[in-house]
>>> print(open('query05.cif').read())   # mmCIF, C-alpha atoms
data_target
loop_
_atom_site.label_atom_id
_atom_site.label_comp_id
_atom_site.auth_asym_id
_atom_site.auth_seq_id
_atom_site.Cartn_x
_atom_site.Cartn_y
_atom_site.Cartn_z
CA MET O 58 80.18 29.34 82.31
CA HIS O 59 81.74 32.71 83.04
CA ILE O 60 79.42 35.54 83.93
CA VAL O 61 80.48 38.99 82.78
CA LYS O 62 79.64 41.36 85.53
CA SER O 63 77.38 44.30 84.75
CA TRP O 64 80.07 46.84 85.47
CA PHE O 65 82.46 45.50 82.78
CA TRP O 66 80.91 46.96 79.59
CA PRO O 67 80.21 50.45 80.97
CA GLY O 68 83.77 50.50 82.27
CA LEU O 69 85.20 49.45 78.90
CA ILE O 70 83.17 52.15 77.10
CA THR O 71 84.38 54.75 79.58
CA VAL O 72 88.03 53.78 78.98
CA ALA O 73 87.55 53.98 75.19
CA CYS O 74 85.97 57.42 75.44
CA LEU O 75 88.71 58.71 77.71
CA THR O 76 91.36 57.35 75.31
CA THR O 77 89.72 59.10 72.38
CA LEU O 78 89.40 62.37 74.29
CA ALA O 79 93.02 62.15 75.38
CA GLY O 80 94.05 61.75 71.74
CA TRP O 81 92.07 64.86 70.79
CA PHE O 82 93.51 66.95 73.59
CA LEU O 83 97.06 65.80 72.83
CA ALA O 84 96.68 66.33 69.06
CA GLU O 85 95.61 69.96 69.42
CA PRO O 86 98.77 71.11 71.28
CA MET O 87 100.89 69.10 68.78
CA ASP O 88 99.19 70.82 65.84
CA ARG O 89 99.70 74.21 67.43
CA GLN O 90 103.33 73.58 68.35
CA LEU O 91 104.26 72.31 64.90
CA THR O 92 102.39 75.17 63.23
CA GLU O 93 104.24 77.75 65.32
CA THR O 94 107.62 76.07 64.72
CA VAL O 95 107.28 75.88 60.93
CA ALA O 96 105.66 79.32 60.62
CA ALA O 97 108.53 80.91 62.54
CA ALA O 98 111.09 79.19 60.30
CA LEU O 99 109.29 80.36 57.16
CA GLU O 100 108.73 83.94 58.30
CA THR O 101 112.17 85.35 57.50
CA ASP O 102 112.63 84.42 53.84
CA ASN O 103 109.33 82.80 52.87
CA SER O 104 106.64 85.12 54.21
CA TRP O 105 104.51 84.28 51.14
CA ALA O 106 103.92 80.77 52.50
CA SER O 107 101.08 79.63 54.71
CA ILE O 108 100.60 76.21 56.29
CA GLU O 109 97.95 73.91 57.69
CA VAL O 110 98.89 71.18 60.14
CA ASP O 111 96.74 68.15 60.91
CA GLY O 112 98.41 66.03 63.56
CA ARG O 113 101.88 65.57 62.07
CA ASP O 114 100.87 66.14 58.45
CA LEU O 115 101.51 69.56 56.90
CA THR O 116 100.08 71.26 53.81
CA LEU O 117 102.08 74.12 52.30
CA LYS O 118 100.03 76.85 50.59
CA GLY O 119 100.61 80.24 48.99
CA VAL O 120 102.02 81.71 45.79
CA ALA O 121 105.82 81.41 45.63
CA PRO O 122 107.79 84.17 43.89
CA SER O 123 110.24 81.66 42.40
CA ALA O 124 110.95 77.97 42.08
CA GLU O 125 113.90 78.46 44.45
CA ALA O 126 111.64 80.02 47.09
CA LEU O 127 109.19 77.13 46.79
CA ALA O 128 111.98 74.56 47.15
CA SER O 129 113.30 76.43 50.20
CA ALA O 130 109.91 76.45 51.92
CA LEU O 131 109.35 72.76 51.23
CA LYS O 132 112.77 71.91 52.63
CA ILE O 133 112.05 73.84 55.83
CA ALA O 134 108.73 72.04 56.28
CA GLU O 135 110.15 68.59 55.48
CA THR O 136 113.11 68.92 57.84
CA THR O 137 111.14 70.19 60.84
CA ASP O 138 111.19 67.68 63.68
CA GLY O 139 107.77 66.16 64.21
CA ILE O 140 106.47 66.61 60.66
CA ARG O 141 105.64 63.28 59.02
CA VAL O 142 104.22 64.19 55.60
CA VAL O 143 104.35 67.44 53.59
CA GLU O 144 101.80 68.06 50.85
CA ASN O 145 102.66 70.81 48.38
CA ALA O 146 99.55 72.86 47.53
CA ALA O 147 101.56 76.02 46.74
CA THR O 148 101.77 77.52 43.27
CA LEU O 149 104.26 79.75 41.44
CA LEU O 150 103.73 83.32 40.30
CA PRO O 151 102.96 83.42 36.58
CA LEU O 152 106.01 83.62 34.32
CA VAL O 153 105.70 86.50 31.83
CA ASP O 154 107.82 86.73 28.71
CA PRO O 155 108.45 89.40 27.73
CA PHE O 156 108.18 91.04 31.12
CA SER O 157 106.53 94.41 30.58
CA PHE O 158 106.35 97.77 32.33
CA VAL O 159 104.34 100.69 30.97
CA VAL O 160 104.20 104.32 32.04
CA THR O 161 101.29 106.21 30.50
CA LYS O 162 101.09 109.97 31.02
CA SER O 163 97.93 111.93 30.23
CA ASP O 164 95.84 114.83 31.49
CA GLN O 165 94.31 112.41 34.02
CA GLY O 166 97.68 111.58 35.58
CA ILE O 167 100.14 108.68 35.49
CA LEU O 168 99.17 105.06 34.93
CA LEU O 169 101.71 102.36 35.85
CA SER O 170 100.79 99.02 34.30
CA GLY O 171 102.41 95.83 33.10
CA ASN O 172 104.41 93.69 35.52
CA VAL O 173 106.41 94.12 38.68
CA PRO O 174 108.58 91.57 40.52
CA TYR O 175 107.61 90.16 43.91
CA GLY O 176 108.88 92.12 46.91
CA ASP O 177 109.44 95.82 47.53
CA THR O 178 109.97 96.81 43.88
CA ARG O 179 106.39 98.07 43.55
CA ALA O 180 106.85 100.48 46.47
CA LYS O 181 110.19 101.67 45.07
CA LEU O 182 108.72 102.37 41.62
CA LEU O 183 105.75 104.22 43.08
CA ALA O 184 108.10 106.35 45.17
CA ALA O 185 110.27 107.03 42.10
CA ALA O 186 107.19 108.04 40.10
CA GLU O 187 106.11 110.47 42.83
CA ASN O 188 109.61 111.97 42.96
CA ALA O 189 109.83 112.31 39.17
CA MET O 190 106.33 113.73 38.76
CA PRO O 191 105.26 115.32 42.05
CA GLY O 192 101.68 116.46 42.42
CA ILE O 193 100.38 114.21 39.64
CA GLU O 194 97.89 111.45 40.43
CA ILE O 195 99.41 107.99 40.05
CA LEU O 196 97.30 104.92 39.32
CA ASP O 197 98.87 101.52 40.00
CA GLU O 198 97.72 98.62 37.83
CA MET O 199 100.96 96.60 37.95
CA ALA O 200 100.63 92.82 38.31
CA VAL O 201 103.20 90.77 40.23
CA ALA O 202 104.93 88.18 38.05
CA ARG O 203 108.16 86.31 37.41
CA GLY O 204 110.47 86.96 34.49
CA ALA O 205 111.89 90.43 35.18
CA PRO O 206 115.16 90.87 33.24
CA GLN O 207 118.37 91.73 35.04
CA GLY O 208 118.54 95.49 35.53
CA PHE O 209 114.74 95.89 35.40
CA VAL O 210 114.57 98.44 38.21
CA GLU O 211 117.27 100.66 36.68
CA LEU O 212 115.55 100.62 33.27
CA ALA O 213 112.13 101.24 34.85
CA ASN O 214 113.49 104.26 36.75
CA PHE O 215 114.90 105.58 33.47
CA ALA O 216 111.45 105.16 31.92
CA LEU O 217 109.87 107.17 34.73
CA LYS O 218 112.39 109.98 34.29
CA GLN O 219 111.74 110.18 30.56
CA ALA O 220 107.97 110.04 31.08
CA SER O 221 108.30 113.09 33.32
CA GLN O 222 109.68 114.99 30.31
CA LEU O 223 106.56 114.40 28.23
CA ILE O 224 103.36 116.41 28.05
CA SER O 225 101.63 113.14 27.30
CA GLY O 226 102.66 109.78 25.93
CA GLU O 227 103.75 106.29 26.81
CA VAL O 228 107.04 104.67 27.76
CA ARG O 229 107.09 100.89 27.47
CA LEU O 230 109.49 98.12 28.44
CA ALA O 231 109.15 94.70 26.84
CA GLY O 232 111.92 92.67 28.40
CA GLU O 233 115.00 94.83 27.72
CA THR O 234 113.45 96.64 24.73
CA TYR O 235 112.66 100.28 25.45
CA SER O 236 110.05 102.23 23.43
CA ILE O 237 108.69 105.75 23.80
CA THR O 238 105.90 107.68 22.10
CA GLY O 239 104.47 111.09 22.90
CA THR O 240 105.16 114.80 22.93
CA ALA O 241 108.04 116.43 24.79
CA ALA O 242 107.15 119.02 27.40
CA ASN O 243 109.57 121.61 26.01
CA ALA O 244 112.61 121.97 23.78
CA ALA O 245 115.06 121.17 26.59
CA ASP O 246 113.19 117.98 27.44
CA TYR O 247 112.99 116.99 23.79
CA GLU O 248 116.76 117.31 23.49
CA SER O 249 117.36 115.52 26.79
CA VAL O 250 115.15 112.54 25.89
CA THR O 251 116.59 112.28 22.39
CA ASN O 252 120.21 112.43 23.55
CA ALA O 253 119.63 109.87 26.32
CA LEU O 254 118.33 107.38 23.76
CA LYS O 255 121.60 107.66 21.84
CA THR O 256 123.59 106.32 24.79
CA GLN O 257 123.71 102.88 26.41
CA LEU O 258 120.47 102.54 28.34
CA PRO O 259 120.46 101.43 31.99
CA GLY O 260 119.92 97.77 32.78
CA ASN O 261 121.17 96.56 29.39
CA GLY O 262 118.18 98.19 27.76
CA ARG O 263 118.05 98.55 24.00
CA VAL O 264 116.08 101.13 22.04
CA GLY O 265 112.99 99.97 20.23
CA GLU O 266 110.27 102.17 18.72
CA VAL O 267 110.72 105.93 19.16
CA LYS O 268 107.93 108.31 18.15
CA LEU O 269 108.78 111.49 20.00
CA ALA O 270 107.22 114.74 18.82
CA PRO O 271 108.77 118.14 19.59
CA PRO O 272 106.88 120.45 21.91
CA PRO O 273 104.06 122.59 20.53
CA ALA O 274 104.94 126.11 19.51
CA GLY O 275 105.26 128.27 22.57
CA ASN O 276 106.50 125.40 24.78
CA ASN O 277 110.18 125.95 24.15
CA GLY O 278 111.13 127.12 27.59
#
>>> encode(input="query05.cif", output="structure tokens")
Amino acid sequence: MHIVKSWFWPGLITVACLTTLAGWFLAEPMDRQLTETVAAALETDNSWASIEVDGRDLTLKGVAPSAEALASALKIAETTDGIRVVENAATLLPLVDPFSFVVTKSDQGILLSGNVPYGDTRAKLLAAAENAMPGIEILDEMAVARGAPQGFVELANFALKQASQLISGEVRLAGETYSITGTAANAADYESVTNALKTQLPGNGRVGEVKLAPPPAGNNG
């Protein structure tokens, strides 16, 4: 009969605990290193993306501005050395058709609503609105979405310019269709808005509904 000495089992338990602890301590630096590597690779063109790393398994999260951007982020994650499995938990921005943009001018100020593409377009449109209508309060209720037509920014800037020539009213884009309702600020603005709508609109825009009233009597300057 073999007698197992009393020191054997405590020693075996100690080795098992140390092995487990070593795995924990090694896993944490691996998680951190992989997280930093993938995050740095995503930062330049895919700043929308966030990640979680568990050991060598990665979960991609965030709202991608396009299917191409999502595919790009997944490829970066999947081709990073050390990553074993990539789970896609990211979603796409909603696709809106027709893509809309609305400028509403009233005594309370300017309301920008509808949709705006992902990126710096929102800031550009807000700056254009301030330049076109300085000193007027601007309220931003634009929602980020996919589906902006080619030439959207050019047509939106045209809408802001025409809105500045109204006392009150609304300029609306629905895809490439351009509509305007309201009252011109003065006779010169009435003529300017009307003539501009007779030409080819920016961004391949096409004229839709036009309900433009001339200025009130006494506003012909």
>>> residues_around(input="query05.cif", residues="Gly262 (chain O)", least_positions_apart="3", cutoff="12 Å", atoms="all atoms listed in the file", output="NGL selection string")
:O and (206-216 or 229-236 or 253-259 or 265)
>>> write_last_selection(input="query05.cif", atoms="C-alpha atoms", output="compact mmCIF listing (two decimals), in the frame of the given file")
# COMPACT_ATOMS: atom_id res chain seq x y z
CA PRO O 206 115.16 90.87 33.24
CA GLN O 207 118.37 91.73 35.04
CA GLY O 208 118.54 95.49 35.53
CA PHE O 209 114.74 95.89 35.40
CA VAL O 210 114.57 98.44 38.21
CA GLU O 211 117.27 100.66 36.68
CA LEU O 212 115.55 100.62 33.27
CA ALA O 213 112.13 101.24 34.85
CA ASN O 214 113.49 104.26 36.75
CA PHE O 215 114.90 105.58 33.47
CA ALA O 216 111.45 105.16 31.92
CA ARG O 229 107.09 100.89 27.47
CA LEU O 230 109.49 98.12 28.44
CA ALA O 231 109.15 94.70 26.84
CA GLY O 232 111.92 92.67 28.40
CA GLU O 233 115.00 94.83 27.72
CA THR O 234 113.45 96.64 24.73
CA TYR O 235 112.66 100.28 25.45
CA SER O 236 110.05 102.23 23.43
CA ALA O 253 119.63 109.87 26.32
CA LEU O 254 118.33 107.38 23.76
CA LYS O 255 121.60 107.66 21.84
CA THR O 256 123.59 106.32 24.79
CA GLN O 257 123.71 102.88 26.41
CA LEU O 258 120.47 102.54 28.34
CA PRO O 259 120.46 101.43 31.99
CA GLY O 265 112.99 99.97 20.23
>>> closest_residue(input="query05.cif", among="O:Gly226, O:Thr94, O:Ala220, O:Gly260", to="Ala189 (chain O)", atoms="all atoms listed in the file")
O:Ala220
>>> closest_residue(input="query05.cif", among="O:Gln90, O:Ser221, O:Asn172, O:Asn145", to="Lys132 (chain O)", atoms="only C-alpha atoms")
O:Asn145
>>> resolve_selection(input="query05.cif", expression="the PyMOL selection byres ((chain O and resi 162) around 6)", output="PyMOL selection string")
chain O and resi 161+163+166-167+225-226
>>> atom_distance(input="query05.cif", atom1="CA of Ala98 (chain O)", atom2="CA of Ala202 (chain O)")
24.8 Å
>>> residues_around(input="query05.cif", residues="Val201 (chain O)", least_positions_apart="6", cutoff="6 Å", atoms="all atoms listed in the file", output="PyMOL selection string")
chain O and resi 172-175
>>> closest_residue(input="query05.cif", among="O:Val264, O:Leu183, O:Ile237, O:Val120", to="Arg203 (chain O)", atoms="only C-alpha atoms")
O:Val120
>>> atom_distance(input="query05.cif", atom1="CA of Phe156 (chain O)", atom2="CA of Ala124 (chain O)")
17.3 Å
>>> closest_residue(input="query05.cif", among="O:Ile193, O:Val160, O:Leu131, O:Ala180", to="Leu99 (chain O)", atoms="all atoms listed in the file")
O:Leu131
>>> resolve_selection(input="query05.cif", expression="the PyMOL selection byres ((chain O and resi 117) around 12)", output="PyMOL selection string")
chain O and resi 92+95-96+99+103+105-111+114-116+118-121+127-135+142-148
>>> write_last_selection(input="query05.cif", atoms="C-alpha atoms", output="compact mmCIF listing (two decimals), keeping the file's coordinate frame")
# COMPACT_ATOMS: atom_id res chain seq x y z
CA THR O 92 102.39 75.17 63.23
CA VAL O 95 107.28 75.88 60.93
CA ALA O 96 105.66 79.32 60.62
CA LEU O 99 109.29 80.36 57.16
CA ASN O 103 109.33 82.80 52.87
CA TRP O 105 104.51 84.28 51.14
CA ALA O 106 103.92 80.77 52.50
CA SER O 107 101.08 79.63 54.71
CA ILE O 108 100.60 76.21 56.29
CA GLU O 109 97.95 73.91 57.69
CA VAL O 110 98.89 71.18 60.14
CA ASP O 111 96.74 68.15 60.91
CA ASP O 114 100.87 66.14 58.45
CA LEU O 115 101.51 69.56 56.90
CA THR O 116 100.08 71.26 53.81
CA LYS O 118 100.03 76.85 50.59
CA GLY O 119 100.61 80.24 48.99
CA VAL O 120 102.02 81.71 45.79
CA ALA O 121 105.82 81.41 45.63
CA LEU O 127 109.19 77.13 46.79
CA ALA O 128 111.98 74.56 47.15
CA SER O 129 113.30 76.43 50.20
CA ALA O 130 109.91 76.45 51.92
CA LEU O 131 109.35 72.76 51.23
CA LYS O 132 112.77 71.91 52.63
CA ILE O 133 112.05 73.84 55.83
CA ALA O 134 108.73 72.04 56.28
CA GLU O 135 110.15 68.59 55.48
CA VAL O 142 104.22 64.19 55.60
CA VAL O 143 104.35 67.44 53.59
CA GLU O 144 101.80 68.06 50.85
CA ASN O 145 102.66 70.81 48.38
CA ALA O 146 99.55 72.86 47.53
CA ALA O 147 101.56 76.02 46.74
CA THR O 148 101.77 77.52 43.27
>>> residues_around(input="query05.cif", residues="Asp197 (chain O)", least_positions_apart="3", cutoff="7 Å", atoms="all atoms listed in the file", output="number ranges by chain")
O: 168-170
>>> build_atoms(input="query05.cif", residues="region 141-152 of chain O", atoms="all heavy atoms", output="tab-separated table (two decimals), keeping the file's coordinate frame")
chain	number	residue	atom	x	y	z
O	141	ARG	N	105.57	64.60	59.66
O	141	ARG	CA	105.64	63.28	59.02
O	141	ARG	C	105.51	63.37	57.50
O	141	ARG	O	106.31	62.81	56.77
O	141	ARG	CB	104.52	62.39	59.58
O	141	ARG	CG	104.49	60.99	58.99
O	141	ARG	CD	103.39	60.16	59.62
O	141	ARG	NE	102.07	60.78	59.41
O	141	ARG	CZ	100.95	60.32	59.93
O	141	ARG	NH1	100.98	59.26	60.72
O	141	ARG	NH2	99.80	60.93	59.70
O	142	VAL	N	104.50	64.09	57.04
O	142	VAL	CA	104.22	64.19	55.60
O	142	VAL	C	104.00	65.65	55.24
O	142	VAL	O	103.35	66.40	55.97
O	142	VAL	CB	102.96	63.38	55.21
O	142	VAL	CG1	102.62	63.59	53.73
O	142	VAL	CG2	103.16	61.90	55.50
O	143	VAL	N	104.56	66.08	54.10
O	143	VAL	CA	104.35	67.44	53.59
O	143	VAL	C	103.67	67.35	52.23
O	143	VAL	O	104.18	66.72	51.31
O	143	VAL	CB	105.67	68.22	53.46
O	143	VAL	CG1	105.42	69.59	52.81
O	143	VAL	CG2	106.33	68.40	54.82
O	144	GLU	N	102.52	67.98	52.14
O	144	GLU	CA	101.80	68.06	50.85
O	144	GLU	C	102.01	69.45	50.28
O	144	GLU	O	101.77	70.46	50.96
O	144	GLU	CB	100.31	67.79	51.04
O	144	GLU	CG	99.53	67.92	49.74
O	144	GLU	CD	98.03	67.76	49.92
O	144	GLU	OE1	97.60	67.43	51.05
O	144	GLU	OE2	97.28	67.99	48.95
O	145	ASN	N	102.42	69.52	49.03
O	145	ASN	CA	102.66	70.81	48.38
O	145	ASN	C	101.41	71.26	47.63
O	145	ASN	O	101.08	70.73	46.57
O	145	ASN	CB	103.84	70.71	47.41
O	145	ASN	CG	104.08	72.03	46.69
O	145	ASN	OD1	103.72	73.10	47.19
O	145	ASN	ND2	104.68	71.97	45.53
O	146	ALA	N	100.71	72.26	48.19
O	146	ALA	CA	99.55	72.86	47.53
O	146	ALA	C	99.87	74.28	47.09
O	146	ALA	O	98.97	75.03	46.72
O	146	ALA	CB	98.34	72.84	48.46
O	147	ALA	N	101.15	74.67	47.15
O	147	ALA	CA	101.56	76.02	46.74
O	147	ALA	C	101.71	76.08	45.22
O	147	ALA	O	101.91	75.07	44.55
O	147	ALA	CB	102.89	76.39	47.41
O	148	THR	N	101.59	77.30	44.70
O	148	THR	CA	101.77	77.52	43.27
O	148	THR	C	102.85	78.57	43.05
O	148	THR	O	103.30	79.22	44.00
O	148	THR	CB	100.46	78.00	42.62
O	148	THR	OG1	100.04	79.22	43.27
O	148	THR	CG2	99.37	76.96	42.77
O	149	LEU	N	103.26	78.74	41.79
O	149	LEU	CA	104.26	79.75	41.44
O	149	LEU	C	103.58	80.96	40.82
O	149	LEU	O	102.55	80.84	40.15
O	149	LEU	CB	105.27	79.17	40.45
O	149	LEU	CG	106.32	78.21	40.98
O	149	LEU	CD1	107.06	77.56	39.82
O	149	LEU	CD2	107.29	78.91	41.90
O	150	LEU	N	104.18	82.14	41.03
O	150	LEU	CA	103.73	83.32	40.30
O	150	LEU	C	103.80	83.05	38.80
O	150	LEU	O	104.68	82.31	38.35
O	150	LEU	CB	104.63	84.52	40.63
O	150	LEU	CG	104.39	85.28	41.91
O	150	LEU	CD1	105.47	86.35	42.09
O	150	LEU	CD2	103.02	85.93	41.93
O	151	PRO	N	102.89	83.65	38.02
O	151	PRO	CA	102.96	83.42	36.58
O	151	PRO	C	104.27	83.95	35.99
O	151	PRO	O	104.79	84.98	36.42
O	151	PRO	CB	101.76	84.21	36.05
O	151	PRO	CG	101.43	85.20	37.12
O	151	PRO	CD	101.79	84.53	38.40
O	152	LEU	N	104.79	83.21	35.03
O	152	LEU	CA	106.01	83.62	34.32
O	152	LEU	C	105.60	84.39	33.08
O	152	LEU	O	104.86	83.87	32.24
O	152	LEU	CB	106.83	82.39	33.94
O	152	LEU	CG	108.10	82.64	33.13
O	152	LEU	CD1	109.09	83.49	33.92
O	152	LEU	CD2	108.74	81.32	32.72
